[in-house]
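**Student:** The file below is upload.txt, compact mmCIF, C-alpha atoms and all ligand atoms:
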```txt
# COMPACT_ATOMS: atom_id res chain seq x y z
CA MET A 1 19.45 18.94 -7.95
CA LYS A 2 20.33 15.32 -8.57
CA THR A 3 17.84 13.00 -10.25
CA ASP A 4 16.26 10.15 -8.26
CA ILE A 5 17.53 7.19 -10.29
CA LYS A 6 15.69 4.52 -8.29
CA SER A 7 12.35 5.93 -9.49
CA MET A 8 13.39 5.20 -13.09
CA LEU A 9 12.66 2.13 -15.24
CA PRO A 10 15.54 0.60 -17.27
CA GLU A 11 14.41 2.33 -20.49
CA GLU A 12 14.30 5.68 -18.66
CA ILE A 13 17.81 5.15 -17.28
CA GLU A 14 18.89 4.25 -20.81
CA ALA A 15 17.56 7.53 -22.19
CA ALA A 16 19.23 9.50 -19.40
CA LEU A 17 22.57 7.78 -20.03
CA SER A 18 22.54 8.50 -23.75
CA GLU A 19 21.73 12.16 -23.02
CA ILE A 20 24.96 12.48 -21.06
CA GLY A 21 27.03 10.52 -23.56
CA GLU A 22 27.37 7.41 -21.41
CA PRO A 23 26.88 3.92 -22.86
CA LYS A 24 23.19 3.20 -22.58
CA PHE A 25 23.55 -0.57 -22.50
CA ARG A 26 24.65 -0.16 -18.88
CA ALA A 27 21.10 0.79 -17.86
CA LYS A 28 19.93 -2.75 -17.17
CA GLN A 29 23.00 -3.44 -15.07
CA ILE A 30 22.39 -0.29 -13.01
CA PHE A 31 18.70 -1.10 -12.57
CA THR A 32 19.59 -4.59 -11.32
CA TRP A 33 22.08 -3.19 -8.81
CA LEU A 34 19.50 -0.72 -7.51
CA SER A 35 16.94 -3.49 -7.07
CA ARG A 36 19.41 -5.37 -4.90
CA GLY A 37 19.58 -2.48 -2.46
CA VAL A 38 23.00 -0.90 -3.08
CA ARG A 39 23.25 2.41 -1.25
CA ALA A 40 25.98 4.03 -3.41
CA PHE A 41 27.26 3.91 -7.01
CA GLU A 42 30.60 2.84 -5.57
CA GLU A 43 29.13 -0.56 -4.84
CA MET A 44 28.35 -1.20 -8.53
CA SER A 45 31.61 -3.05 -8.92
CA ASP A 46 31.26 -4.04 -12.56
CA LEU A 47 30.97 -0.43 -13.77
CA SER A 48 34.08 1.61 -14.60
CA LYS A 49 35.29 4.12 -12.05
CA LYS A 50 34.64 6.87 -14.61
CA LEU A 51 31.01 5.84 -15.09
CA ARG A 52 30.44 5.51 -11.35
CA THR A 53 31.75 9.05 -10.82
CA ALA A 54 29.62 10.42 -13.68
CA LEU A 55 26.53 8.75 -12.21
CA ASP A 56 27.26 10.03 -8.75
CA GLU A 57 27.47 13.61 -10.06
CA ARG A 58 24.01 13.46 -11.62
CA PHE A 59 21.93 10.95 -9.72
CA LEU A 60 21.07 10.09 -6.15
CA ILE A 61 20.21 6.71 -4.67
CA THR A 62 17.51 6.85 -2.01
CA SER A 63 18.08 4.56 0.96
CA PRO A 64 16.00 4.93 4.11
CA GLN A 65 17.41 4.41 7.57
CA PRO A 66 15.53 2.20 10.03
CA ILE A 67 14.68 4.25 13.10
CA ARG A 68 12.70 1.56 14.84
CA LYS A 69 11.86 -2.09 14.40
CA GLN A 70 9.21 -3.81 16.51
CA VAL A 71 8.62 -7.55 16.36
CA SER A 72 5.29 -8.93 17.58
CA GLU A 73 5.63 -11.56 20.28
CA LEU A 74 2.25 -12.94 19.28
CA ASP A 75 2.87 -13.77 15.62
CA GLY A 76 6.26 -12.42 14.49
CA THR A 77 4.78 -9.51 12.52
CA ILE A 78 7.45 -6.84 12.07
CA LYS A 79 6.76 -3.10 12.01
CA TYR A 80 9.44 -0.78 10.66
CA LEU A 81 9.70 2.97 10.96
CA TRP A 82 11.95 4.30 8.20
CA GLU A 83 13.51 7.73 8.11
CA LEU A 84 13.44 9.32 4.66
CA ALA A 85 16.03 11.70 3.21
CA ASP A 86 14.09 14.82 4.28
CA GLY A 87 13.57 13.63 7.88
CA ASN A 88 9.98 12.43 7.38
CA ALA A 89 9.17 8.90 8.50
CA VAL A 90 6.97 6.10 7.16
CA GLU A 91 5.81 2.77 8.53
CA THR A 92 5.95 -0.62 6.82
CA VAL A 93 4.66 -3.96 8.14
CA VAL A 94 5.93 -7.45 7.25
CA MET A 95 3.52 -10.32 7.90
CA SER A 96 4.24 -14.02 7.53
CA TYR A 97 1.58 -16.41 6.30
CA LYS A 98 1.77 -20.08 5.30
CA HIS A 99 1.75 -19.08 1.64
CA GLY A 100 4.55 -16.50 1.96
CA ASN A 101 5.51 -13.11 3.30
CA THR A 102 3.42 -10.02 2.69
CA VAL A 103 4.63 -6.46 3.06
CA CYS A 104 2.13 -3.69 3.79
CA ILE A 105 3.50 -0.38 2.54
CA SER A 106 2.63 3.27 3.03
CA THR A 107 2.05 5.41 -0.07
CA GLN A 108 2.02 8.89 1.48
CA VAL A 109 3.41 10.62 4.54
CA GLY A 110 0.08 11.14 6.33
CA CYS A 111 -3.28 11.13 4.57
CA ARG A 112 -5.90 13.73 3.69
CA GLN A 113 -8.96 11.49 3.40
CA GLY A 114 -10.06 12.01 6.99
CA CYS A 115 -11.78 8.65 7.70
CA ALA A 116 -13.33 8.94 11.16
CA PHE A 117 -12.02 5.62 12.52
CA CYS A 118 -8.46 5.66 11.14
CA ALA A 119 -5.27 6.79 12.88
CA SER A 120 -3.30 7.43 9.68
CA THR A 121 -5.20 10.55 8.79
CA ILE A 122 -4.74 12.35 12.11
CA GLY A 123 -2.48 15.29 11.26
CA GLY A 124 -3.43 15.30 7.57
CA LEU A 125 -1.22 14.83 4.53
CA VAL A 126 2.44 15.87 4.67
CA ARG A 127 3.57 14.74 1.23
CA ASN A 128 3.41 12.02 -1.41
CA LEU A 129 5.99 9.24 -1.43
CA GLU A 130 8.23 8.92 -4.49
CA PRO A 131 8.22 5.62 -6.43
CA SER A 132 11.74 4.95 -5.11
CA GLU A 133 10.62 5.45 -1.51
CA MET A 134 7.82 2.88 -1.89
CA LEU A 135 10.24 0.47 -3.57
CA ASP A 136 12.65 1.00 -0.66
CA GLU A 137 9.94 -0.03 1.81
CA VAL A 138 9.69 -3.42 0.08
CA LEU A 139 13.38 -3.80 -0.63
CA PHE A 140 14.83 -2.87 2.74
CA SER A 141 12.10 -4.72 4.66
CA GLN A 142 13.13 -7.82 2.74
CA ILE A 143 16.84 -7.22 3.27
CA ASP A 144 16.55 -6.41 6.97
CA SER A 145 14.03 -9.12 7.90
CA GLY A 146 15.57 -11.82 5.72
CA HIS A 147 12.01 -12.76 4.69
CA GLU A 148 11.63 -13.01 0.94
CA ILE A 149 8.63 -10.88 0.03
CA SER A 150 6.06 -12.56 -2.20
CA ASN A 151 3.07 -10.25 -1.80
CA ILE A 152 2.59 -6.51 -1.52
CA VAL A 153 -0.45 -4.71 -0.17
CA LEU A 154 -0.79 -0.95 -0.54
CA MET A 155 -2.69 -0.72 2.72
CA GLY A 156 -0.41 1.27 4.98
CA ILE A 157 -0.55 5.02 5.53
CA GLY A 158 -1.97 7.14 2.71
CA GLU A 159 -4.44 6.89 -0.15
CA PRO A 160 -2.66 5.22 -3.10
CA LEU A 161 -4.99 6.70 -5.72
CA ASP A 162 -4.34 10.19 -4.32
CA ASN A 163 -0.67 9.62 -5.31
CA TYR A 164 -1.64 8.00 -8.60
CA ASP A 165 1.35 8.57 -10.92
CA ASN A 166 3.98 7.66 -8.33
CA VAL A 167 2.07 4.55 -7.26
CA ILE A 168 1.74 3.31 -10.85
CA GLN A 169 5.45 3.90 -11.47
CA PHE A 170 6.26 2.04 -8.22
CA ILE A 171 4.14 -0.92 -9.37
CA LYS A 172 6.00 -1.01 -12.70
CA LEU A 173 9.35 -0.89 -10.88
CA VAL A 174 8.59 -3.64 -8.37
CA ASN A 175 6.99 -5.82 -11.08
CA HIS A 176 9.94 -5.51 -13.49
CA PRO A 177 11.63 -8.85 -14.34
CA LEU A 178 15.07 -7.30 -13.84
CA GLY A 179 13.99 -5.90 -10.48
CA MET A 180 12.13 -7.49 -7.58
CA ASN A 181 9.86 -9.20 -10.12
CA ILE A 182 6.75 -9.34 -7.91
CA GLY A 183 3.82 -10.53 -10.05
CA MET A 184 0.85 -8.20 -10.57
CA ARG A 185 -1.47 -10.80 -9.09
CA HIS A 186 0.57 -10.60 -5.89
CA ILE A 187 -0.08 -6.87 -5.50
CA SER A 188 -3.22 -5.45 -3.84
CA LEU A 189 -4.16 -1.80 -3.96
CA SER A 190 -6.67 -0.48 -1.45
CA THR A 191 -8.65 2.72 -1.90
CA CYS A 192 -11.25 4.69 0.03
CA GLY A 193 -13.13 4.94 -3.27
CA LEU A 194 -11.83 7.75 -5.49
CA THR A 195 -14.10 6.74 -8.38
CA GLU A 196 -12.49 8.87 -11.10
CA LYS A 197 -9.12 7.28 -10.33
CA ILE A 198 -10.62 3.78 -10.23
CA ASP A 199 -11.76 4.36 -13.84
CA LYS A 200 -8.29 5.59 -14.78
CA LEU A 201 -6.72 2.51 -13.19
CA ALA A 202 -9.16 0.20 -15.01
CA GLU A 203 -7.90 1.58 -18.33
CA LEU A 204 -4.40 0.28 -17.55
CA ASN A 205 -5.87 -3.21 -17.22
CA LEU A 206 -3.27 -4.34 -14.70
CA GLN A 207 -3.86 -7.72 -13.13
CA LEU A 208 -3.54 -6.47 -9.56
CA THR A 209 -6.24 -6.89 -6.91
CA LEU A 210 -8.33 -3.84 -6.15
CA SER A 211 -9.69 -3.52 -2.61
CA ILE A 212 -12.38 -1.01 -1.84
CA SER A 213 -12.63 0.27 1.72
CA LEU A 214 -16.40 0.27 1.78
CA HIS A 215 -17.23 0.13 5.51
CA ALA A 216 -20.90 1.05 4.99
CA PRO A 217 -23.51 0.16 2.36
CA ASP A 218 -25.60 3.33 2.70
CA ASP A 219 -24.68 6.95 1.99
CA GLU A 220 -25.73 8.27 5.37
CA THR A 221 -23.39 6.01 7.34
CA ARG A 222 -20.60 6.01 4.76
CA SER A 223 -20.46 9.81 4.44
CA LYS A 224 -20.27 10.08 8.22
CA LEU A 225 -17.34 7.66 8.37
CA MET A 226 -15.58 8.56 5.13
CA PRO A 227 -15.53 12.11 3.75
CA ALA A 228 -14.47 10.70 0.34
CA ASN A 229 -18.05 9.40 -0.02
CA LYS A 230 -19.49 12.91 -0.13
CA GLY A 231 -20.10 14.08 -3.68
CA ARG A 232 -19.52 10.57 -5.01
CA GLY A 233 -21.88 8.23 -3.16
CA VAL A 234 -22.16 4.48 -2.80
CA ALA A 235 -24.10 3.98 -6.08
CA GLU A 236 -21.38 5.69 -8.11
CA LEU A 237 -18.70 3.69 -6.31
CA ILE A 238 -20.46 0.42 -7.12
CA SER A 239 -20.79 1.47 -10.79
CA ALA A 240 -17.04 2.17 -10.89
CA CYS A 241 -16.40 -1.28 -9.35
CA LYS A 242 -18.56 -2.91 -12.03
CA ARG A 243 -16.69 -1.08 -14.78
CA TYR A 244 -13.37 -2.11 -13.22
CA PHE A 245 -14.42 -5.76 -13.07
CA GLU A 246 -15.73 -5.71 -16.66
CA ARG A 247 -12.55 -4.10 -17.99
CA THR A 248 -9.97 -6.17 -16.09
CA GLY A 249 -11.80 -9.40 -15.24
CA ARG A 250 -10.35 -9.10 -11.74
CA ARG A 251 -12.62 -9.72 -8.79
CA ILE A 252 -12.81 -6.80 -6.36
CA SER A 253 -12.59 -7.04 -2.56
CA PHE A 254 -14.64 -4.95 -0.16
CA GLU A 255 -12.97 -4.09 3.13
CA TYR A 256 -15.52 -3.74 5.90
CA ALA A 257 -14.37 -2.74 9.39
CA MET A 258 -17.18 -3.66 11.76
CA ILE A 259 -17.96 -0.84 14.16
CA ASP A 260 -20.22 -1.37 17.15
CA GLY A 261 -23.64 0.19 16.60
CA VAL A 262 -22.60 2.02 13.42
CA ASN A 263 -22.42 -0.37 10.47
CA ASP A 264 -23.20 -3.78 11.98
CA THR A 265 -26.99 -4.06 11.77
CA PRO A 266 -28.86 -6.91 9.99
CA GLU A 267 -30.28 -4.38 7.52
CA GLN A 268 -26.78 -3.20 6.61
CA ALA A 269 -25.63 -6.80 6.18
CA LYS A 270 -28.45 -7.38 3.66
CA LYS A 271 -27.59 -4.21 1.77
CA LEU A 272 -23.89 -5.08 1.77
CA ALA A 273 -24.62 -8.54 0.35
CA GLY A 274 -26.65 -6.91 -2.43
CA LEU A 275 -23.80 -4.55 -3.36
CA ALA A 276 -21.23 -7.36 -3.36
CA LYS A 277 -23.39 -9.45 -5.66
CA GLN A 278 -23.86 -6.52 -8.06
CA CYS A 279 -20.17 -6.35 -8.80
CA GLY A 280 -18.98 -9.86 -7.93
CA ALA A 281 -17.00 -8.66 -4.92
CA HIS A 282 -15.58 -10.69 -2.07
CA ILE A 283 -16.12 -9.20 1.42
CA ASN A 284 -13.30 -8.95 3.96
CA LEU A 285 -14.67 -8.32 7.43
CA ILE A 286 -12.31 -6.73 9.95
CA PRO A 287 -13.43 -6.19 13.54
CA LEU A 288 -12.48 -2.52 14.03
CA ASN A 289 -9.10 -2.05 15.67
CA HIS A 290 -9.02 0.25 18.60
CA VAL A 291 -7.44 3.64 17.96
CA GLU A 292 -6.85 5.72 21.05
CA GLU A 293 -7.93 9.03 19.52
CA ARG A 294 -11.12 7.62 18.00
CA ALA A 295 -14.50 7.14 19.66
CA TYR A 296 -15.47 3.97 17.78
CA GLY A 297 -15.30 0.42 19.10
CA PRO A 298 -15.33 -3.04 17.49
CA THR A 299 -18.56 -4.93 16.96
CA THR A 300 -19.40 -7.75 19.39
CA ALA A 301 -18.57 -11.37 18.56
CA GLU A 302 -22.28 -12.09 18.55
CA ASN A 303 -23.05 -9.33 16.03
CA LEU A 304 -20.18 -10.46 13.84
CA LYS A 305 -21.58 -13.98 13.72
CA LYS A 306 -25.07 -12.75 12.91
CA PHE A 307 -23.72 -10.42 10.23
CA ILE A 308 -21.78 -13.25 8.55
CA SER A 309 -24.79 -15.53 8.49
CA ILE A 310 -26.95 -12.83 6.88
CA LEU A 311 -24.28 -12.31 4.22
CA GLU A 312 -24.27 -16.05 3.59
CA ASP A 313 -28.05 -16.28 3.44
CA ASN A 314 -28.01 -13.53 0.86
CA GLY A 315 -25.46 -15.24 -1.35
CA ALA A 316 -22.37 -13.11 -0.61
CA ASN A 317 -18.86 -14.45 0.04
CA SER A 318 -17.03 -13.19 3.08
CA THR A 319 -14.01 -13.93 5.24
CA VAL A 320 -12.92 -12.45 8.54
CA ARG A 321 -9.45 -10.94 8.39
CA ARG A 322 -7.04 -12.42 10.91
CA LYS A 323 -5.54 -9.82 13.19
CA LEU A 324 -1.75 -9.67 13.12
CA GLY A 325 0.73 -7.54 15.01
CA GLY A 326 -1.84 -6.44 17.58
CA ASP A 327 0.80 -5.91 20.27
CA VAL A 328 2.94 -3.61 18.10
CA GLU A 329 0.05 -1.47 16.81
CA ALA A 330 0.59 -2.81 13.33
CA SER A 331 -3.04 -3.71 12.64
CA CYS A 332 -5.21 -2.05 10.00
CA GLY A 333 -5.73 1.63 10.63
CA GLN A 334 -3.32 1.85 13.55
CA LEU A 335 -0.32 3.12 11.63
CA ARG A 336 0.48 6.77 11.93
CA ARG A 337 3.46 8.97 11.56
CA LYS A 338 5.17 9.47 14.87
CA ALA A 339 7.90 11.97 15.55
CA THR A 340 11.20 10.32 14.85
CA LYS A 341 12.63 11.71 18.03
CA GLU A 342 10.21 10.35 20.57
CA GLY A 343 12.88 8.47 22.40
CA THR A 344 12.75 5.33 20.33
CA SER A 345 15.87 3.30 20.09
CA LYS A 346 17.76 2.55 16.91
CA ILE A 347 17.81 -1.07 15.81
N1 LIG B 1 -6.42 4.80 1.91
C1 LIG B 1 -6.55 3.44 1.47
C2 LIG B 1 -5.42 2.60 1.98
C3 LIG B 1 -5.40 2.39 3.46
S1 LIG B 1 -5.61 0.71 3.71
C4 LIG B 1 -7.90 2.90 1.85
O1 LIG B 1 -8.68 3.64 2.46
O2 LIG B 1 -8.24 1.80 1.47
C5 LIG B 1 -5.98 0.57 5.37
C6 LIG B 1 -7.28 -0.18 5.60
O3 LIG B 1 -7.53 -0.23 7.00
C7 LIG B 1 -8.47 0.50 4.96
O4 LIG B 1 -9.42 -0.44 4.54
C8 LIG B 1 -8.99 1.29 6.14
O5 LIG B 1 -10.31 1.70 5.94
C9 LIG B 1 -8.83 0.30 7.25
N2 LIG B 1 -8.84 0.87 8.59
C10 LIG B 1 -8.55 2.12 8.97
N3 LIG B 1 -8.68 2.28 10.29
C11 LIG B 1 -9.07 1.08 10.77
C12 LIG B 1 -9.35 0.59 12.08
N4 LIG B 1 -9.26 1.38 13.14
N5 LIG B 1 -9.70 -0.71 12.19
C13 LIG B 1 -9.78 -1.52 11.12
N6 LIG B 1 -9.52 -1.11 9.86
C14 LIG B 1 -9.18 0.18 9.70
```
Any chance you could put this one into structure tokens?

**Tutor:**
Amino acid sequence: MKTDIKSMLPEEIEAALSEIGEPKFRAKQIFTWLSRGVRAFEEMSDLSKKLRTALDERFLITSPQPIRKQVSELDGTIKYLWELADGNAVETVVMSYKHGNTVCISTQVGCRQGCAFCASTIGGLVRNLEPSEMLDEVLFSQIDSGHEISNIVLMGIGEPLDNYDNVIQFIKLVNHPLGMNIGMRHISLSTCGLTEKIDKLAELNLQLTLSISLHAPDDETRSKLMPANKGRGVAELISACKRYFERTGRRISFEYAMIDGVNDTPEQAKKLAGLAKQCGAHINLIPLNHVEERAYGPTTAENLKKFISILEDNGANSTVRRKLGGDVEASCGQLRRKATKEGTSKI
């Protein structure tokens, strides 16, 4: 079995090179080539033929193939479906804002968290993504779209903290100055609230933005919507958020998808404001996106307005997330693994 070299940091490549008697000072050069998206050692033209052959015998370079690319006619949002080496597929979304281009990446093939309103979890978890595969989502989206990526959100398919080690390694890779060099403050990680992993992440004291998919301020509603709440509970989640904020100094975001008749009452708005104030969080409201297989619908415009004014009256900051890529099913919670052979055309 060949080793996945694109999941390795320069110092790890260095160690591997010295183990096989190759000059270790080449590691940085190799890492830089990989971060530019070369698909074979052959392309590393400033390495000797001998070294290229030795590398090829021991290491593999992941490089996904685009199976489908959809461009939104409404706002130019691009959704990619990439085929991985083992035939699995993942989705990546590129969004353009005034302040730059953001890529939304998947962290797992499927998801096992089972949120009742989300399409990504239908069919469960297939497998974790490797660090290299997450890096490829950013890298090849940038190369194919021609849009330089300035921000990354881990808000596609999967629960990032359920694939903790690979996600942390990916963040180190994409943040590396010799690599894509995306600043920590330009990376957002979103979680359904795995409190024990939030504490573990806090210990690393990374300067990334942590988003909590809260979606309900009370245990009864939250446990109905999000199985991850059972056995943990809202109070424990808020305590973990406070600890995270105290340790890192980074303000947390709450994601709150507004669902008609479920989590959009005035009482829930008051409670939500209270929780946000407790841990200095900013609230991102998202009118629920319609998912065919799910029974839930978005809140009404009137309820949304009322909800926002209650948040304001109770001293909490909130913004409403702009919907992008609505016509290509690229909006929050609409991504899901589709069979690669459903008659979609190659780019
Ligand atoms: N598992 C992580 C990462 C997924 S991010 C998490 O739960 O945070 C995707 C975001 O979209 C999450 O906030 C998720 O709760 C939200 N989401 C899922 N389905 C949605 C839908 N139908 N409408 C709006 N948001 C949705």

**Student:** Every residue with an atom at most 10 Å from (11.8, -5.5, -11.0) (file coordinates; only C-alpha atoms) is what I'm after, so could you write them as a count of residues only?

**Tutor:** 22

**Student:** Dump as a Markdown table the rows for residues of region 162-250 of chain A within 7 Å of region 121-132 of chain A: closest atom pair and distance in Å with one decimal, only C-alpha atoms counted, ordered by chain and rising residue number.

**Tutor:**
```
| residue | atom | partner | partner_atom | distance |
| --- | --- | --- | --- | --- |
| A:Asn163 | CA | A:Asn128 | CA | 6.1 |
| A:Asn166 | CA | A:Pro131 | CA | 5.1 |
| A:Val167 | CA | A:Pro131 | CA | 6.3 |
| A:Gln169 | CA | A:Pro131 | CA | 6.0 |
| A:Phe170 | CA | A:Pro131 | CA | 4.5 |
```

**Student:** One number please: CA of Ala281 (chain A) to CA of Gly100 (chain A), in Å, one decimal.

**Tutor:**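 Between CA of Ala281 (chain A) and CA of Gly100 (chain A) the gap is 23.9 Å.
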
**Student:** Around ligand LIG 1 (chain B), at most 7 Å away and counting all atoms listed in the file, which residues are there? Put them as a PyMOL selection string, please.

**Tutor:** chain A and resi 117-119+154-160+190-192+211-213+255+257+286-291+332-334

**Student:** Point out the residue among A:Ile13, A:Leu206, A:Leu139, A:Val93 with the least atom-to-atom distance to Arg39 (chain A), counting only C-alpha atoms.

**Tutor:** A:Leu139

**Student:** Which one is closest to Thr299 (chain A): A:Gly274, A:Ile259, A:Asp56, A:Asn317? Count only C-alpha atoms.

**Tutor:**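 Closest to Thr299 (chain A), using only C-alpha atoms: A:Ile259.
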
**Student:** Please indicate the distance in Å from CA of Tyr164 (chain A) to CA of Ile198 (chain A), rounded to one decimal place.

**Tutor:**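 About the pair CA of Tyr164 (chain A) and CA of Ile198 (chain A): they are 10.1 Å apart.
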
**Student:** Quote the spacing between CA of Met95 (chain A) and CA of Thr77 (chain A) in Å to one decimal place.

**Tutor:**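 Atom-to-atom, CA of Met95 (chain A) to CA of Thr77 (chain A), that is 4.9 Å.
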
**Student:** Could you work out an axis-aligned bounding box for all listed atoms of region 312-326 of chain A, with 5 Å added on each of the six sides, and give its centre and edge lengths in Å to one decimal, as lines of an AutoDock Vina configuration file?

**Tutor:**
```
center_x = -13.7
center_y = -11.4
center_z = 8.1
size_x = 38.8
size_y = 19.8
size_z = 28.9
```

**Student:** Name the closest residue to Thr62 (chain A) among the candidates A:Asn303, A:Ser141, A:Thr265, A:Ser7; distances are taken between atoms, counting only C-alpha atoms.

**Tutor:**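 Of the candidates, the smallest distance to Thr62 (chain A) is held by A:Ser7.
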
**Student:** Got a sec: who's within 9 Å of region 219-225 of chain A, counting only C-alpha atoms, leaving out chain neighbours fewer than 6 positions off, as a PDB file with C-alpha atoms, keeping the file's coordinate frame?

**Tutor:**
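Result went into around01.pdb, see below:
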```
ATOM      1  CA  GLY A 114     -10.060  12.010   6.990  1.00  0.00           C
ATOM      2  CA  CYS A 115     -11.780   8.650   7.700  1.00  0.00           C
ATOM      3  CA  ALA A 116     -13.330   8.940  11.160  1.00  0.00           C
ATOM      4  CA  PHE A 117     -12.020   5.620  12.520  1.00  0.00           C
ATOM      5  CA  GLY A 233     -21.880   8.230  -3.160  1.00  0.00           C
ATOM      6  CA  VAL A 234     -22.160   4.480  -2.800  1.00  0.00           C
ATOM      7  CA  ALA A 235     -24.100   3.980  -6.080  1.00  0.00           C
ATOM      8  CA  VAL A 262     -22.600   2.020  13.420  1.00  0.00           C
ATOM      9  CA  ASN A 263     -22.420  -0.370  10.470  1.00  0.00           C
TER      10      ASN A 263
END
```

**Student:** My list of candidates is A:Cys104, A:Leu285, A:Ile61, A:Leu208. Which is closest to Ile308 (chain A) when distances are computed with all atoms listed in the file?

**Tutor:**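 Using all atoms listed in the file, the shortest distance to Ile308 (chain A) belongs to A:Leu285.
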